[in-house]
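A.B. asks: Before I ask anything, here is the structure I am working with.
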Amino acid sequence: MKAVRPAGALRRRYDARVLESETLSEIAREIERTESDPEGVGIMTRKGRLYPVRLDRVPLKAAPLLKQELLSVGGDAAHARGVADHSVETTPTVLLATWGQYQRLLPKLKRQPFRLKEISEEVERALRGYVAAGPRTVKGAHRTLVLGDRPRVMGIVNVTPDSFSDGGKFLDPKAAVQEMERQAADGATLVDVGGESTRPRAPPTSARAEWRRIGPVLALAHDRLDLPISVDTRHPEVARRAIDAGADLVNDVEGLRSAEMRRVVARTGAAAIVMHMRGTPTTMQDNVEYTDLRAEVYHALAEATDRAVADGIAPDRLLVDPGLGFGKSPEQSLELLVHTGELRCLGYPVVVGASRKSFLAWALGDRAGPLDRLEAGLAGAVLAAERGVALVRTHDVGPTVRALRLVDWARRLASRPPATRDALATVGPDP
């Protein structure tokens, strides 16, 4: 008996499906499976993925020429309507092009007027930073850490009476060091020790009180922990003493805003995490209004790292952090998390800390306390790692390390090289 197809049903003769090929390696392998000519695999792979690039403050005279040149290579650009009638002096611009189109575009721009040479160089630097892959060594004051080979985890040990999730738990130096040892055994790449609560509305802690809390911990950890140690402080004097006591990295929630902090980091050879935050922990939630959240955070981190390099801190010792929950609403923190891969364009390893933060409870739609946010924190860590974040900061080291192993294996599978020799030679590495 002949089967009757439901009315309106479409016969699937060709099994059309949208491919989830996010890396260039995956695109090349899919093209190979068509038994295409090997030379054609490389040519077509360059066309297989679009890289939108955002630019801000593009001069009026440069914008139409930039669009014209992009159109000439098969791409496009979007800018403000006011460019047409000269009612704006500058414009944000979004470039839409494949890797191959950028390869043809950028040399042309370098020969053009109206600052297009500078634009070309900055676009190229952003693209290279975004797709950069592979391990890099970050030298600390005493030890080094390797980032970029896989998603890595930074443990948190708060030696404070008032931290939002574990205040008072590790005030005893022995208990703090035991927790550091446990986190190391669970797979942490480094451990972050903090002596001042930076929760919203937290009152400030003096440098003297902060050092009384973390000094004994660092002294005890020096002989017991063979792992890089980060000190979470915004006080230059505390940073200096901590580095002298064996800390390798300064995690500054004020983003090296202090010239003295920059001098301390530069003189000691420590590495540093530059985090975005408006104001201080006490005041940071007073103003969470942004005209363009991601653009403003990116710009602030670009300026902060430029200042750090100008003051003598080696670029390969810097990391950046968008500061989830620091001067941001819950929705803004989630937006930054989802788009945190954009910060790779700065050229520095990206650090993200979502662990136990209140925006996770907001996303869950409940009043879950900090200790009830484990699953959401793990999801946040996975989201960050999938977007190329190098280091995830967390209170829950063991579960996070295990969750990120799956992300690592998925990335390895996605980035397997195609069989066609040199298919990616002119395309660049996968992000």
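Quick note on naming: the chains in the structure tokens go A, B, ... in the order shown, residues restart at 1 in each chain, and ligands are numbered from 1 in order of appearance.
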Please identify which residues in stretch 171-212 of chain A DSSP calls strand (DSSP E or B) from the backbone, and express them as a PyMOL selection string.
C.D. replies: chain A and resi 190-194
A.B. asks: Can you list, as a ChimeraX atom specification, every residue of stretch 122-155 of chain A that DSSP puts in alpha helix (DSSP H)?
C.D. replies: /A:122-131
A.B. asks: Counting only C-alpha atoms, figure out which residue out of A:Gly74, A:Leu66, A:Pro161, A:Val138 gets nearest to A:Lys110.
C.D. replies: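 Using only C-alpha atoms, the shortest distance to A:Lys110 belongs to A:Leu66.
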A.B. asks: Show me, as a Markdown table, the residues of stretch 107-206 of chain A having an atom within 9 Å of stretch 223-246 of chain A, each with the closest atom pair and its distance in Å, using only C-alpha atoms.
C.D. replies:
| residue | atom | partner | partner_atom | distance |
| --- | --- | --- | --- | --- |
| A:Gly140 | CA | A:Pro228 | CA | 7.7 |
| A:Ala141 | CA | A:Ile243 | CA | 6.9 |
| A:His142 | CA | A:Gly246 | CA | 6.8 |
| A:Arg143 | CA | A:Pro228 | CA | 5.8 |
| A:Thr144 | CA | A:Pro228 | CA | 6.9 |
| A:Leu145 | CA | A:Pro228 | CA | 7.0 |
| A:Met154 | CA | A:Ser230 | CA | 8.9 |
| A:Val177 | CA | A:Arg224 | CA | 8.1 |
| A:Met180 | CA | A:Leu225 | CA | 7.7 |
| A:Glu181 | CA | A:Leu225 | CA | 6.6 |
| A:Ala184 | CA | A:Leu227 | CA | 7.3 |
| A:Ala188 | CA | A:Leu227 | CA | 8.7 |
| A:Thr189 | CA | A:Leu227 | CA | 7.1 |
| A:Leu190 | CA | A:Pro228 | CA | 4.9 |
| A:Val191 | CA | A:Ile229 | CA | 5.2 |
| A:Asp192 | CA | A:Ser230 | CA | 4.4 |
| A:Val193 | CA | A:Val231 | CA | 5.0 |
| A:Gly194 | CA | A:Asp232 | CA | 4.6 |
| A:Gly195 | CA | A:Asp232 | CA | 7.3 |
| A:Glu196 | CA | A:Thr233 | CA | 7.2 |
| A:Ser206 | CA | A:His235 | CA | 8.5 |
A.B. asks: Restricting the calculation to only C-alpha atoms: of A:Gly187, A:Pro151, A:Gly347, A:Pro204, which residue gets closest to A:Ala381?
C.D. replies: A:Pro151
A.B. asks: Here is a test: counting only C-alpha atoms, which residue of A:Lys357, A:Arg104, A:Lys139, A:Arg278 is nearest to A:Glu124?
C.D. replies: A:Arg104
A.B. asks: Leaving out stretch 404-419 of chain A and any residue of its chain fewer than 5 positions from it, which residues lie within 7 Å of it when counting only C-alpha atoms, given as a PyMOL selection string?
C.D. replies: chain A and resi 23+25-26+28-29+150-151+382+385-386+430
A.B. asks: For the residues selected in the previous step, produce a file with C-alpha atoms as a CSV table (one decimal), in the first residue's frame.
C.D. replies:
chain,number,residue,atom,x,y,z
A,23,THR,CA,35.6,27.6,13.2
A,25,SER,CA,38.8,24.4,10.5
A,26,GLU,CA,35.3,23.1,10.6
A,28,ALA,CA,37.4,23.7,5.6
A,29,ARG,CA,36.6,20.1,6.7
A,150,ARG,CA,42.7,25.4,27.4
A,151,PRO,CA,40.1,27.2,29.6
A,382,VAL,CA,31.0,27.5,30.1
A,385,ALA,CA,35.1,29.6,27.9
A,386,GLU,CA,33.2,29.0,24.7
A,430,ASP,CA,40.8,29.6,14.6
A.B. asks: Which is closer to A:Pro64 than all the others in A:Gly215, A:Pro107, A:Gly82, A:Pro52, using only C-alpha atoms?
C.D. replies: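 Of A:Gly215, A:Pro107, A:Gly82, A:Pro52, the one nearest A:Pro64, counting only C-alpha atoms, is A:Gly82.
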A.B. asks: Can you build me a table of stretch 291-368 of chain A residues sitting at most 10 Å from stretch 260-264 of chain A, with the closest atom pair per residue and its distance in Å to one decimal, using only C-alpha atoms, sorted by chain and residue number, as JSON lines?
C.D. replies:
{"residue": "A:Arg307", "atom": "CA", "partner": "A:Arg262", "partner_atom": "CA", "distance": 8.6}
{"residue": "A:Ala308", "atom": "CA", "partner": "A:Arg262", "partner_atom": "CA", "distance": 6.2}
{"residue": "A:Val309", "atom": "CA", "partner": "A:Arg262", "partner_atom": "CA", "distance": 9.1}
{"residue": "A:Ala310", "atom": "CA", "partner": "A:Arg262", "partner_atom": "CA", "distance": 9.8}
{"residue": "A:Asp311", "atom": "CA", "partner": "A:Arg262", "partner_atom": "CA", "distance": 6.7}
{"residue": "A:Gly312", "atom": "CA", "partner": "A:Arg263", "partner_atom": "CA", "distance": 7.8}
{"residue": "A:Ile313", "atom": "CA", "partner": "A:Arg262", "partner_atom": "CA", "distance": 7.4}
A.B. asks: Calculated over only C-alpha atoms, which of the candidates A:Leu334, A:Ala354, A:Val153, A:Ala363 has the smallest distance to A:Leu293?
C.D. replies: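 Once distances to A:Leu293 are computed over only C-alpha atoms, the minimum belongs to A:Leu334.
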A.B. asks: With a distance cut-off of 8 Å and only C-alpha atoms, select the neighbouring residues of A:Phe359, excluding the residue or stretch itself and same-chain residues fewer than 2 positions from it, and output the selection as a list in words.
C.D. replies: Gly325, Ser329, Pro330, Glu331, Ser333, Leu334, Lys357, Ala361, Trp362 and Ala363 of chain A
A.B. asks: So what do you get for atom CA of A:Lys174 versus atom CA of A:Asp186, distance-wise?
C.D. replies: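 Here the two named atoms are 18.3 Å from each other.
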A.B. asks: Using only C-alpha atoms, find the one residue out of A:Arg182, A:Arg208, A:Arg317, A:His299 that sits nearest to A:Arg54.
C.D. replies: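 Of the candidates, the smallest distance to A:Arg54 is held by A:His299.
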A.B. asks: Which residues are near A:Thr394? Cut-off 7 Å, only C-alpha atoms, ignore same chain within fewer than 6 positions. Put them as a ChimeraX atom specification.
C.D. replies: /A:154-156,353,355
A.B. asks: At a cut-off of 7 Å, using only C-alpha atoms, what residues contact stretch 88-102 of chain A? Leave out same-chain residues fewer than 3 positions from it and give the result as a list in words.
C.D. replies: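 Residues meeting the cut-off are Arg46, Lys47, Arg49, Leu50, Tyr51, Pro52, Val53, Arg54, Leu55, Asp56, Arg57, Val58, Pro59, Leu60, Val73, Gly74, Gly75, Asp76, Ala77, Ala78, His79, Ala80, Gly82, Val83, Leu105, Leu106 and Val427 of chain A.
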A.B. asks: What does the structure give for the distance between atom CA of A:Leu319 and atom CA of A:Val350, in Å to one decimal?
C.D. replies: 5.9 Å
